[in-house]
Amino acid sequence: MARDAGVPDPGALGVQLQGVWDGAIILASMTRDPGHALHARATAEALLAAA
């Protein structure tokens, strides 16, 4: 899907998005604060906009 959208390096984008997702899950479980998902979403949106 990323390739079809013209993303120059879809593999790198996927790794970056996975890192954001994994980090949010770890932080949420460590702090018991699900609000980290909102920050992860903003970060993912910025990555997608820059791709």
# chains A, B, ... in the order shown; residues from 1 in each chain; ligands from 1

$ select_by_dssp --residues "chain A" --states "helix (DSSP H, G or I)" --output "PyMOL selection string"
chain A and resi 10-31+36-50

$ residues_around --residues "segment 35-43 of chain A" --least-positions-apart "3" --cutoff "10 Å" --atoms "only C-alpha atoms" --output "ChimeraX atom specification"
/A:16-17,19-29,31-32,46-49

$ residues_around --residues "Gly11 of chain A" --least-positions-apart "5" --cutoff "12 Å" --atoms "only C-alpha atoms" --output "VMD selection string"
chain A and resid 1 to 3 16 to 18 51
